[in-house]
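Below: entry32.tsv (TSV, C-alpha atoms)
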```
chain	number	residue	atom	x	y	z
Z	260	MET	CA	-52.92	-30.00	-27.39
Z	261	PHE	CA	-56.01	-28.71	-25.60
Z	262	ASP	CA	-55.58	-27.71	-21.98
Z	263	LEU	CA	-58.58	-27.88	-19.66
Z	264	THR	CA	-56.65	-27.43	-16.42
Z	265	GLY	CA	-58.89	-25.81	-13.82
Z	266	LYS	CA	-62.09	-26.53	-15.77
Z	267	THR	CA	-64.92	-28.69	-14.48
Z	268	ALA	CA	-66.90	-31.00	-16.77
Z	269	LEU	CA	-70.03	-33.07	-16.28
Z	270	VAL	CA	-70.48	-36.05	-18.60
Z	271	THR	CA	-73.75	-37.99	-18.66
Z	272	GLY	CA	-73.80	-41.60	-19.74
Z	273	ALA	CA	-70.23	-41.92	-18.50
Z	274	SER	CA	-70.73	-45.62	-17.81
Z	275	GLY	CA	-71.03	-46.33	-21.54
Z	276	GLY	CA	-68.33	-46.76	-24.16
Z	277	ILE	CA	-68.51	-43.29	-25.73
Z	278	GLY	CA	-69.22	-41.48	-22.44
Z	279	GLY	CA	-66.30	-43.18	-20.74
Z	280	ALA	CA	-63.97	-42.18	-23.57
Z	281	ILE	CA	-65.21	-38.58	-23.38
Z	282	ALA	CA	-64.61	-38.48	-19.62
Z	283	ARG	CA	-61.10	-39.91	-20.08
Z	284	ALA	CA	-60.27	-37.36	-22.79
Z	285	LEU	CA	-61.47	-34.34	-20.78
Z	286	HIS	CA	-59.74	-35.66	-17.66
Z	287	GLY	CA	-56.58	-36.31	-19.64
Z	288	ALA	CA	-56.60	-32.66	-20.74
Z	289	GLY	CA	-56.63	-31.61	-17.09
Z	290	ALA	CA	-60.33	-31.13	-16.35
Z	291	THR	CA	-62.06	-32.20	-13.17
Z	292	VAL	CA	-64.82	-34.54	-14.29
Z	293	GLY	CA	-68.23	-35.47	-12.92
Z	294	LEU	CA	-69.25	-38.93	-14.06
Z	295	SER	CA	-72.98	-39.39	-14.31
Z	296	GLY	CA	-75.04	-42.43	-15.21
Z	297	THR	CA	-77.60	-44.80	-13.79
Z	298	ARG	CA	-75.27	-47.71	-13.02
Z	299	VAL	CA	-73.02	-46.79	-10.11
Z	300	GLU	CA	-70.54	-49.67	-10.39
Z	301	PRO	CA	-69.00	-48.79	-13.77
Z	302	LEU	CA	-68.90	-45.13	-12.71
Z	303	GLU	CA	-66.98	-46.05	-9.54
Z	304	ALA	CA	-64.61	-48.19	-11.61
Z	305	LEU	CA	-63.95	-45.33	-14.04
Z	306	ALA	CA	-63.45	-42.87	-11.17
Z	307	ALA	CA	-60.95	-45.27	-9.58
Z	308	GLU	CA	-59.12	-45.57	-12.90
Z	309	LEU	CA	-58.93	-41.79	-13.31
Z	310	GLY	CA	-57.86	-41.20	-9.70
Z	311	GLU	CA	-57.85	-37.55	-8.69
Z	312	ARG	CA	-60.30	-35.01	-10.13
Z	313	ALA	CA	-63.09	-37.55	-10.70
Z	314	HIS	CA	-66.50	-37.48	-9.01
Z	315	VAL	CA	-69.30	-40.01	-9.28
Z	316	LEU	CA	-72.73	-38.39	-9.68
Z	317	PRO	CA	-75.41	-41.04	-10.25
Z	318	CYS	CA	-78.62	-39.81	-11.87
Z	319	ASN	CA	-81.69	-41.42	-13.39
Z	320	LEU	CA	-82.39	-39.23	-16.40
Z	321	SER	CA	-86.02	-40.35	-16.65
Z	322	ASP	CA	-86.70	-38.71	-13.28
Z	323	PRO	CA	-87.18	-34.94	-13.80
Z	324	ALA	CA	-86.43	-34.09	-10.16
Z	325	GLU	CA	-83.14	-35.99	-10.23
Z	326	VAL	CA	-82.22	-34.33	-13.51
Z	327	ASP	CA	-82.96	-30.85	-12.18
Z	328	ALA	CA	-80.78	-31.55	-9.13
Z	329	LEU	CA	-77.78	-32.82	-11.11
Z	330	PRO	CA	-76.16	-29.55	-12.30
Z	331	LYS	CA	-76.21	-28.17	-8.76
Z	332	ALA	CA	-74.83	-31.39	-7.30
Z	333	ALA	CA	-72.09	-31.37	-9.94
Z	334	ALA	CA	-71.19	-27.74	-9.27
Z	335	GLU	CA	-71.01	-28.43	-5.54
Z	336	ALA	CA	-68.88	-31.54	-5.94
Z	337	MET	CA	-66.46	-30.00	-8.44
Z	338	GLY	CA	-66.53	-26.35	-7.39
Z	339	GLY	CA	-68.19	-25.25	-10.64
Z	340	LEU	CA	-69.61	-26.47	-13.91
Z	341	ASP	CA	-67.83	-25.10	-16.97
Z	342	ILE	CA	-68.42	-27.89	-19.47
Z	343	LEU	CA	-71.57	-29.96	-19.91
Z	344	VAL	CA	-71.51	-33.01	-22.16
Z	345	ASN	CA	-74.93	-34.56	-22.69
Z	346	ASN	CA	-73.98	-37.97	-23.93
Z	347	ALA	CA	-76.53	-40.26	-22.29
Z	348	GLY	CA	-79.11	-41.75	-24.60
Z	349	ILE	CA	-81.37	-44.73	-24.90
Z	350	THR	CA	-82.98	-46.58	-27.81
Z	351	ARG	CA	-86.34	-48.34	-28.02
Z	352	ASP	CA	-86.27	-49.50	-31.63
Z	353	GLN	CA	-89.52	-50.52	-33.24
Z	354	VAL	CA	-91.05	-50.35	-36.69
Z	355	PHE	CA	-92.94	-47.05	-36.73
Z	356	MET	CA	-96.41	-48.54	-37.21
Z	357	ARG	CA	-95.91	-50.57	-34.05
Z	358	MET	CA	-94.21	-47.89	-31.98
Z	359	SER	CA	-96.08	-47.40	-28.71
Z	360	ASP	CA	-96.56	-44.06	-26.99
Z	361	ASP	CA	-94.29	-45.37	-24.28
Z	362	ASP	CA	-91.52	-46.29	-26.76
Z	363	TRP	CA	-91.75	-42.77	-28.09
Z	364	GLN	CA	-92.02	-40.91	-24.80
Z	365	SER	CA	-89.29	-42.72	-22.90
Z	366	VAL	CA	-86.73	-42.02	-25.64
Z	367	LEU	CA	-87.76	-38.37	-25.95
Z	368	ASP	CA	-87.70	-37.97	-22.16
Z	369	VAL	CA	-84.15	-39.19	-21.70
Z	370	ASN	CA	-82.50	-38.08	-24.94
Z	371	LEU	CA	-84.11	-34.68	-25.43
Z	372	THR	CA	-86.00	-33.49	-22.35
Z	373	ALA	CA	-83.34	-34.47	-19.80
Z	374	THR	CA	-80.73	-32.73	-21.97
Z	375	MET	CA	-82.89	-29.60	-22.02
Z	376	ARG	CA	-83.17	-29.66	-18.23
Z	377	LEU	CA	-79.42	-30.14	-17.76
Z	378	CYS	CA	-78.62	-27.31	-20.17
Z	379	ARG	CA	-81.05	-25.01	-18.37
Z	380	GLY	CA	-79.55	-25.85	-15.00
Z	381	ALA	CA	-75.95	-25.49	-16.15
Z	382	ILE	CA	-76.27	-22.22	-18.07
Z	383	ARG	CA	-77.01	-20.20	-14.94
Z	384	GLY	CA	-73.50	-20.68	-13.58
Z	385	MET	CA	-71.95	-20.37	-17.03
Z	386	MET	CA	-73.62	-16.99	-17.54
Z	387	LYS	CA	-72.18	-15.75	-14.26
Z	388	ALA	CA	-68.75	-17.07	-15.16
Z	389	ARG	CA	-69.03	-15.60	-18.68
Z	390	TRP	CA	-67.63	-18.91	-19.95
Z	391	GLY	CA	-69.21	-22.23	-20.75
Z	392	ARG	CA	-69.20	-25.12	-23.15
Z	393	ILE	CA	-72.19	-27.30	-23.94
Z	394	VAL	CA	-71.66	-30.34	-26.13
Z	395	ASN	CA	-74.69	-32.44	-26.93
Z	396	ILE	CA	-74.19	-35.84	-28.48
Z	397	SER	CA	-76.58	-36.18	-31.41
Z	398	SER	CA	-76.33	-38.92	-34.02
Z	399	ILE	CA	-75.98	-39.41	-37.75
Z	400	VAL	CA	-79.55	-40.77	-37.74
Z	401	GLY	CA	-80.82	-37.40	-36.51
Z	402	ALA	CA	-79.84	-36.09	-39.95
Z	403	THR	CA	-80.43	-39.14	-42.14
Z	404	GLY	CA	-83.23	-41.00	-40.37
Z	405	ASN	CA	-83.11	-44.75	-39.80
Z	406	PRO	CA	-85.80	-47.40	-40.13
Z	407	GLY	CA	-86.95	-48.59	-36.73
Z	408	GLN	CA	-85.64	-45.50	-35.00
Z	409	ALA	CA	-88.29	-42.81	-35.52
Z	410	ASN	CA	-88.21	-42.00	-31.80
Z	411	TYR	CA	-84.43	-41.99	-31.53
Z	412	ALA	CA	-83.94	-40.03	-34.77
Z	413	ALA	CA	-86.53	-37.45	-33.66
Z	414	SER	CA	-84.78	-37.01	-30.32
Z	415	LYS	CA	-81.37	-36.61	-31.97
Z	416	ALA	CA	-82.64	-34.15	-34.60
Z	417	GLY	CA	-84.39	-32.30	-31.79
Z	418	LEU	CA	-81.09	-31.88	-30.00
Z	419	VAL	CA	-79.62	-30.12	-33.03
Z	420	GLY	CA	-82.45	-27.56	-33.22
Z	421	MET	CA	-82.41	-26.98	-29.48
Z	422	THR	CA	-78.64	-26.61	-29.37
Z	423	LYS	CA	-78.68	-24.02	-32.16
Z	424	SER	CA	-81.34	-22.01	-30.33
Z	425	ILE	CA	-79.38	-22.11	-27.09
Z	426	ALA	CA	-76.25	-21.13	-28.99
Z	427	TYR	CA	-77.99	-17.99	-30.29
Z	428	GLU	CA	-79.19	-16.96	-26.86
Z	429	VAL	CA	-75.99	-17.34	-24.87
Z	430	ALA	CA	-73.26	-16.58	-27.42
Z	431	SER	CA	-72.79	-13.05	-26.06
Z	432	ARG	CA	-72.01	-14.53	-22.63
Z	433	GLY	CA	-68.99	-16.53	-23.73
Z	434	ILE	CA	-70.93	-19.77	-23.83
Z	435	THR	CA	-70.88	-22.06	-26.85
Z	436	ALA	CA	-73.34	-24.87	-27.58
Z	437	ASN	CA	-72.57	-27.48	-30.21
Z	438	CYS	CA	-73.43	-31.04	-31.20
Z	439	VAL	CA	-71.26	-33.98	-32.08
Z	440	ALA	CA	-73.01	-36.49	-34.33
Z	441	PRO	CA	-71.37	-39.92	-34.28
Z	442	GLY	CA	-71.87	-42.45	-37.06
Z	443	PHE	CA	-71.28	-46.15	-36.39
Z	444	ILE	CA	-69.01	-46.45	-33.37
Z	445	ALA	CA	-67.55	-49.70	-32.06
Z	446	THR	CA	-68.95	-50.18	-28.55
Z	447	ALA	CA	-70.36	-53.02	-26.48
Z	448	MET	CA	-73.56	-52.49	-28.45
Z	449	THR	CA	-71.95	-53.13	-31.87
Z	450	ASP	CA	-69.83	-56.03	-30.51
Z	451	LYS	CA	-73.00	-58.07	-30.55
Z	452	LEU	CA	-73.33	-57.79	-34.34
Z	453	SER	CA	-72.27	-60.75	-36.48
Z	454	ASP	CA	-69.27	-60.46	-38.79
Z	455	ASP	CA	-71.69	-60.46	-41.69
Z	456	GLN	CA	-73.64	-57.55	-40.24
Z	457	LYS	CA	-70.43	-55.67	-39.53
Z	458	ALA	CA	-69.19	-56.20	-43.10
Z	459	LYS	CA	-72.47	-54.82	-44.41
Z	460	ILE	CA	-72.21	-51.71	-42.24
Z	461	ASN	CA	-68.55	-51.15	-43.13
Z	462	GLY	CA	-69.50	-51.37	-46.82
Z	463	GLN	CA	-71.58	-48.21	-46.38
Z	464	ILE	CA	-68.75	-46.26	-44.78
Z	465	PRO	CA	-66.14	-44.66	-47.05
Z	466	ALA	CA	-63.56	-45.13	-44.29
Z	467	ALA	CA	-64.54	-48.85	-44.40
Z	468	ARG	CA	-64.53	-49.25	-40.63
Z	469	MET	CA	-66.46	-48.29	-37.55
Z	470	GLY	CA	-65.26	-45.34	-35.53
Z	471	SER	CA	-63.80	-45.62	-32.05
Z	472	PRO	CA	-65.16	-43.95	-28.91
Z	473	GLU	CA	-61.85	-42.07	-28.70
Z	474	GLU	CA	-62.57	-40.47	-32.08
Z	475	ILE	CA	-65.84	-39.10	-30.70
Z	476	ALA	CA	-64.10	-38.01	-27.52
Z	477	ALA	CA	-61.52	-36.05	-29.54
Z	478	ALA	CA	-64.31	-34.08	-31.23
Z	479	VAL	CA	-65.89	-33.32	-27.84
Z	480	LEU	CA	-62.53	-32.27	-26.41
Z	481	TYR	CA	-62.06	-29.80	-29.25
Z	482	LEU	CA	-65.51	-28.25	-28.80
Z	483	ALA	CA	-64.93	-28.03	-25.03
Z	484	SER	CA	-61.61	-26.25	-25.45
Z	485	GLN	CA	-60.72	-22.59	-25.18
Z	486	GLU	CA	-59.59	-22.78	-28.82
Z	487	ALA	CA	-63.13	-23.59	-30.06
Z	488	GLY	CA	-64.57	-20.39	-28.58
Z	489	TYR	CA	-65.73	-19.11	-31.99
Z	490	VAL	CA	-67.48	-22.35	-32.92
Z	491	THR	CA	-71.10	-22.36	-31.81
Z	492	GLY	CA	-74.37	-23.81	-33.06
Z	493	ALA	CA	-72.41	-26.31	-35.11
Z	494	THR	CA	-72.86	-30.03	-35.52
Z	495	LEU	CA	-69.58	-31.86	-35.94
Z	496	HIS	CA	-70.22	-35.09	-37.85
Z	497	VAL	CA	-67.80	-37.89	-37.01
Z	498	ASN	CA	-68.84	-40.77	-39.23
Z	499	GLY	CA	-66.03	-41.87	-41.53
Z	500	GLY	CA	-67.75	-40.17	-44.46
Z	501	MET	CA	-70.94	-42.22	-44.14
Z	502	ALA	CA	-72.98	-39.04	-44.52
Z	503	MET	CA	-71.19	-35.89	-45.65
Z	504	LEU	CA	-73.23	-33.08	-44.14
M	77	MET	CA	-84.08	6.32	-0.82
M	78	SER	CA	-84.27	2.99	0.93
M	79	ASP	CA	-81.32	0.70	1.36
M	80	VAL	CA	-82.97	-1.87	-0.93
M	81	ALA	CA	-83.36	0.70	-3.71
M	82	ASP	CA	-79.70	1.71	-3.39
M	83	ARG	CA	-78.50	-1.85	-3.67
M	84	VAL	CA	-80.80	-2.62	-6.60
M	85	LYS	CA	-79.68	0.54	-8.37
M	86	LYS	CA	-76.04	-0.37	-7.93
M	87	ILE	CA	-76.64	-3.75	-9.58
M	88	VAL	CA	-78.58	-2.20	-12.46
M	89	VAL	CA	-75.98	0.49	-13.08
M	90	GLU	CA	-73.14	-2.03	-13.02
M	91	HIS	CA	-74.85	-4.64	-15.11
M	92	LEU	CA	-76.37	-2.46	-17.80
M	93	GLY	CA	-73.70	0.24	-17.78
M	94	VAL	CA	-76.22	3.08	-17.55
M	95	GLU	CA	-76.06	6.49	-15.82
M	96	GLU	CA	-77.41	6.40	-12.29
M	97	ASP	CA	-79.90	9.22	-12.89
M	98	LYS	CA	-81.54	7.23	-15.70
M	99	VAL	CA	-82.55	4.56	-13.19
M	100	THR	CA	-85.86	6.02	-12.04
M	101	ASP	CA	-88.81	4.16	-10.55
M	102	SER	CA	-90.65	4.03	-13.85
M	103	ALA	CA	-87.58	3.18	-15.94
M	104	SER	CA	-88.19	-0.02	-17.90
M	105	PHE	CA	-85.15	-2.28	-18.07
M	106	ILE	CA	-85.81	-3.17	-21.68
M	107	ASP	CA	-87.40	0.00	-23.12
M	108	ASP	CA	-85.44	2.66	-21.23
M	109	LEU	CA	-82.25	1.05	-20.00
M	110	GLY	CA	-81.27	-0.94	-23.07
M	111	ALA	CA	-81.51	-4.43	-21.54
M	112	ASP	CA	-82.21	-7.44	-23.71
M	113	SER	CA	-84.22	-10.41	-22.45
M	114	LEU	CA	-81.11	-12.23	-21.31
M	115	ASP	CA	-80.00	-9.15	-19.34
M	116	THR	CA	-83.28	-9.27	-17.44
M	117	VAL	CA	-82.62	-12.92	-16.54
M	118	GLU	CA	-79.17	-11.96	-15.31
M	119	LEU	CA	-80.51	-9.02	-13.32
M	120	VAL	CA	-82.95	-11.32	-11.54
M	121	MET	CA	-80.10	-13.74	-10.81
M	122	ALA	CA	-78.06	-10.87	-9.39
M	123	PHE	CA	-80.98	-9.68	-7.24
M	124	GLU	CA	-81.46	-13.21	-5.90
M	125	GLU	CA	-77.82	-13.40	-4.94
M	126	GLU	CA	-77.61	-9.92	-3.41
M	127	PHE	CA	-80.72	-10.33	-1.27
M	128	GLY	CA	-80.63	-14.08	-0.64
M	129	ILE	CA	-84.12	-14.56	-2.01
M	130	GLU	CA	-85.65	-16.67	-4.72
M	131	ILE	CA	-87.62	-14.95	-7.47
M	132	PRO	CA	-89.86	-17.47	-9.27
M	133	ASP	CA	-90.12	-17.22	-13.06
M	134	ASP	CA	-93.70	-15.96	-13.10
M	135	ALA	CA	-92.79	-13.20	-10.64
M	136	ALA	CA	-89.65	-12.37	-12.59
M	137	GLU	CA	-91.74	-11.75	-15.69
M	138	GLY	CA	-93.69	-9.11	-13.79
M	139	ILE	CA	-90.53	-7.17	-12.91
M	140	GLN	CA	-90.36	-4.74	-15.82
M	141	THR	CA	-89.14	-1.54	-14.21
M	142	PHE	CA	-86.67	-0.50	-11.54
M	143	GLY	CA	-89.65	0.34	-9.30
M	144	ASP	CA	-91.10	-3.16	-9.83
M	145	ALA	CA	-87.83	-4.71	-8.73
M	146	VAL	CA	-87.50	-2.58	-5.60
M	147	LYS	CA	-91.11	-3.29	-4.63
M	148	PHE	CA	-90.84	-7.04	-5.18
M	149	ILE	CA	-87.60	-7.31	-3.23
M	150	SER	CA	-88.83	-5.09	-0.39
M	151	ASP	CA	-91.92	-7.28	-0.06
M	152	ALA	CA	-89.92	-10.52	-0.26
M	153	ALA	CA	-87.04	-9.62	2.05
```
What would you get if you wrote out this structure as structure tokens?
Amino acid sequence: MFDLTGKTALVTGASGGIGGAIARALHGAGATVGLSGTRVEPLEALAAELGERAHVLPCNLSDPAEVDALPKAAAEAMGGLDILVNNAGITRDQVFMRMSDDDWQSVLDVNLTATMRLCRGAIRGMMKARWGRIVNISSIVGATGNPGQANYAASKAGLVGMTKSIAYEVASRGITANCVAPGFIATAMTDKLSDDQKAKINGQIPAARMGSPEEIAAAVLYLASQEAGYVTGATLHVNGGMAML
Amino acid sequence: MSDVADRVKKIVVEHLGVEEDKVTDSASFIDDLGADSLDTVELVMAFEEEFGIEIPDDAAEGIQTFGDAVKFISDAA
């Protein structure tokens, strides 16, 4: 339905469940994809699966110099950078009263500050091209909060405010900036939960099931498409009705 | 007029869509030539590309007028 032929897309956290699904969806729509992440092996495996139009671009998002270099490296490898999907994120869950400065800072650094740096680096080329799509992966907990995740929730809410501000500034240049906010998604992380835990979570979701990475990828694909050109500053919640925002 | 000034003027005229005779040395990009803050970022990007130089952010902030731009680029090139 959406055609991204000739477009180039960088996806961070492409070694993970959701990031991999996003990369597959964009690639399936015809885009050339840059797969970024810290672990090279799963990135190589995904690139091999995708075949043509896939580039592996390892990056440690806690290293500011590496982050600053990534948009340029991506543009050189792919011949441009039209679509940026900031999907990478980490958690360091801890009850707030026990949360260390390091728990706080490391999550903010990767989830929010690295995303800011990548947006800043990517927008330059997008402004010249008078076309660009930025999709930042937020989270339902950025809007609702979650016990044990003050750092993560702050970083994900921060993404929403930052994305809206960017959207204002670059809208006149044909660039859109939006967020996708996943709810509970079945990934390797949620596989570890017991059946009892899963039943409890599903009980809070009107759709009565966890979402799939492909359902997040479909939302990203839409926001990355030509057709979504009039959608900017939005947060698309994909959560089975768990929070209707 | 120097070659640098000609090339800078061409960029300004094209980018901001203004009459050439409005682009005087003292003409402010924002106050006189109708640029917004994002236009000034784009102008600096265009200057960097045209002249193969790098204009750091703190220097870019000091480039308010056409004359400022010509002077900075002449000194840098």
Compile the residues of chain M that lie within 9 Å of chain Z, evaluated using all atoms listed in the file, and express the compilation as a short mmCIF file (atom, residue, chain, number, x, y, z; two decimals) with C-alpha atoms, in the coordinates of the input.
```
data_model
loop_
_atom_site.label_atom_id
_atom_site.label_comp_id
_atom_site.auth_asym_id
_atom_site.auth_seq_id
_atom_site.Cartn_x
_atom_site.Cartn_y
_atom_site.Cartn_z
CA LEU M 114 -81.11 -12.23 -21.31
CA GLU M 118 -79.17 -11.96 -15.31
CA MET M 121 -80.10 -13.74 -10.81
#
```
All residues 7 Å or closer to Z:Val369, only C-alpha atoms, same chain fewer than 2 positions away omitted, as an NGL selection string:
:Z and (320-321 or 348-349 or 365-367 or 371-373)
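Shortest separation to Z:Cys378 among Z:Ala284, Z:Ala307, Z:Ala413, Z:Leu269 occurs at residue Z:Leu269, atoms counted being all atoms listed in the file.
Comparing M:Ile87, M:Val117, M:Ala122, M:Ile106 by their smallest distance to M:Asp134, the closest is M:Val117 (using all atoms listed in the file).
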Residues within 6 Å of Z:Gly391, please, as an mmCIF file with C-alpha atoms, keeping the file's coordinate frame. Count only C-alpha atoms; anything in the same chain fewer than 6 positions from it doesn't count.
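Okay, out-v3.cif is ready:
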```
data_model
loop_
_atom_site.group_PDB
_atom_site.id
_atom_site.type_symbol
_atom_site.label_atom_id
_atom_site.label_comp_id
_atom_site.auth_asym_id
_atom_site.auth_seq_id
_atom_site.Cartn_x
_atom_site.Cartn_y
_atom_site.Cartn_z
ATOM 1 C CA ASP Z 341 -67.830 -25.100 -16.970
ATOM 2 C CA ILE Z 342 -68.420 -27.890 -19.470
ATOM 3 C CA MET Z 385 -71.950 -20.370 -17.030
ATOM 4 C CA ILE Z 434 -70.930 -19.770 -23.830
#
```
Long-range neighbours of stretch 94-99 of chain M as a short mmCIF file (atom, residue, chain, number, x, y, z; two decimals) with C-alpha atoms, keeping the file's coordinate frame, 8 Å cut-off, all atoms listed in the file, 5 positions minimum in chain:
```
data_model
loop_
_atom_site.label_atom_id
_atom_site.label_comp_id
_atom_site.auth_asym_id
_atom_site.auth_seq_id
_atom_site.Cartn_x
_atom_site.Cartn_y
_atom_site.Cartn_z
CA LYS M 85 -79.68 0.54 -8.37
CA VAL M 88 -78.58 -2.20 -12.46
CA VAL M 89 -75.98 0.49 -13.08
CA LEU M 109 -82.25 1.05 -20.00
CA PHE M 142 -86.67 -0.50 -11.54
#
```
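Across the structure, atom CA of Z:Asp327 and atom CA of Z:Leu285 are spaced 23.4 Å apart.
Picture a line from atom CA of Z:Ala466 to atom CA of Z:Thr491; it runs 27.0 Å.
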Give me, as a PyMOL selection string, all polymer residues having an atom no more than 6 Å from Z:Asn345, counting all atoms listed in the file and skipping those fewer than 4 positions away in the same chain.
chain Z and resi 271+395-396
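The closest residue to Z:Glu325, picked from Z:Val354, Z:Met337, Z:Leu377, Z:Leu418 and counting all atoms listed in the file, is Z:Leu377.
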To one decimal place in Å, what is the distance between atom CA of Z:Gly265 and atom CA of Z:Ala280?
19.7 Å
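For the set M:Ala81, M:Asp112, M:Ile129, M:Leu119, the residue with the smallest atom-to-atom gap to M:Ala152 is M:Ile129, counting only C-alpha atoms.
Shortest atom-to-atom contact with M:Ala145 among M:Asp79, M:Asp101, M:Glu90, M:Asp115: M:Asp101, counting only C-alpha atoms.
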List the spatial neighbours of Z:Ser274 as a ChimeraX atom specification - criterion: any atom at most 6 Å away, all atoms listed in the file, same-chain residues fewer than 2 positions off excluded.
/Z:272,279,296,301-302
Would you mind completing stretch 96-102 of chain M so that it carries all heavy atoms, and writing it out as a compact mmCIF listing (two decimals), in the frame of the given file?
```
# COMPACT_ATOMS: atom_id res chain seq x y z
N GLU M 96 -76.59 6.61 -13.47
CA GLU M 96 -77.41 6.40 -12.29
C GLU M 96 -78.73 7.18 -12.36
O GLU M 96 -79.77 6.69 -11.95
CB GLU M 96 -76.61 6.80 -11.04
CG GLU M 96 -77.06 6.05 -9.81
CD GLU M 96 -76.18 6.35 -8.61
OE1 GLU M 96 -74.94 6.25 -8.73
OE2 GLU M 96 -76.75 6.70 -7.56
N ASP M 97 -78.68 8.40 -12.91
CA ASP M 97 -79.90 9.22 -12.89
C ASP M 97 -80.95 8.74 -13.90
O ASP M 97 -82.09 9.17 -13.87
CB ASP M 97 -79.57 10.71 -13.10
CG ASP M 97 -78.79 10.97 -14.37
OD1 ASP M 97 -78.65 10.03 -15.17
OD2 ASP M 97 -78.32 12.11 -14.57
N LYS M 98 -80.55 7.81 -14.77
CA LYS M 98 -81.54 7.23 -15.70
C LYS M 98 -82.39 6.16 -15.01
O LYS M 98 -83.46 5.79 -15.49
CB LYS M 98 -80.82 6.57 -16.89
CG LYS M 98 -80.12 7.57 -17.80
CD LYS M 98 -80.86 7.62 -19.10
CE LYS M 98 -80.49 8.73 -20.05
NZ LYS M 98 -79.16 9.25 -20.09
N VAL M 99 -81.87 5.65 -13.88
CA VAL M 99 -82.55 4.56 -13.19
C VAL M 99 -83.61 5.13 -12.24
O VAL M 99 -83.40 5.27 -11.04
CB VAL M 99 -81.54 3.66 -12.43
CG1 VAL M 99 -82.24 2.43 -11.86
CG2 VAL M 99 -80.41 3.23 -13.34
N THR M 100 -84.74 5.48 -12.83
CA THR M 100 -85.86 6.02 -12.04
C THR M 100 -86.87 4.91 -11.79
O THR M 100 -86.80 3.86 -12.41
CB THR M 100 -86.55 7.15 -12.82
OG1 THR M 100 -87.02 6.60 -14.07
CG2 THR M 100 -85.60 8.28 -13.12
N ASP M 101 -87.83 5.19 -10.90
CA ASP M 101 -88.81 4.16 -10.55
C ASP M 101 -89.55 3.61 -11.76
O ASP M 101 -89.83 2.42 -11.84
CB ASP M 101 -89.86 4.73 -9.56
CG ASP M 101 -89.38 4.58 -8.13
OD1 ASP M 101 -88.27 4.04 -7.94
OD2 ASP M 101 -90.11 5.01 -7.22
N SER M 102 -89.85 4.48 -12.71
CA SER M 102 -90.65 4.03 -13.85
C SER M 102 -89.78 3.55 -15.02
O SER M 102 -90.31 3.17 -16.06
CB SER M 102 -91.56 5.18 -14.32
OG SER M 102 -90.74 6.26 -14.72
```
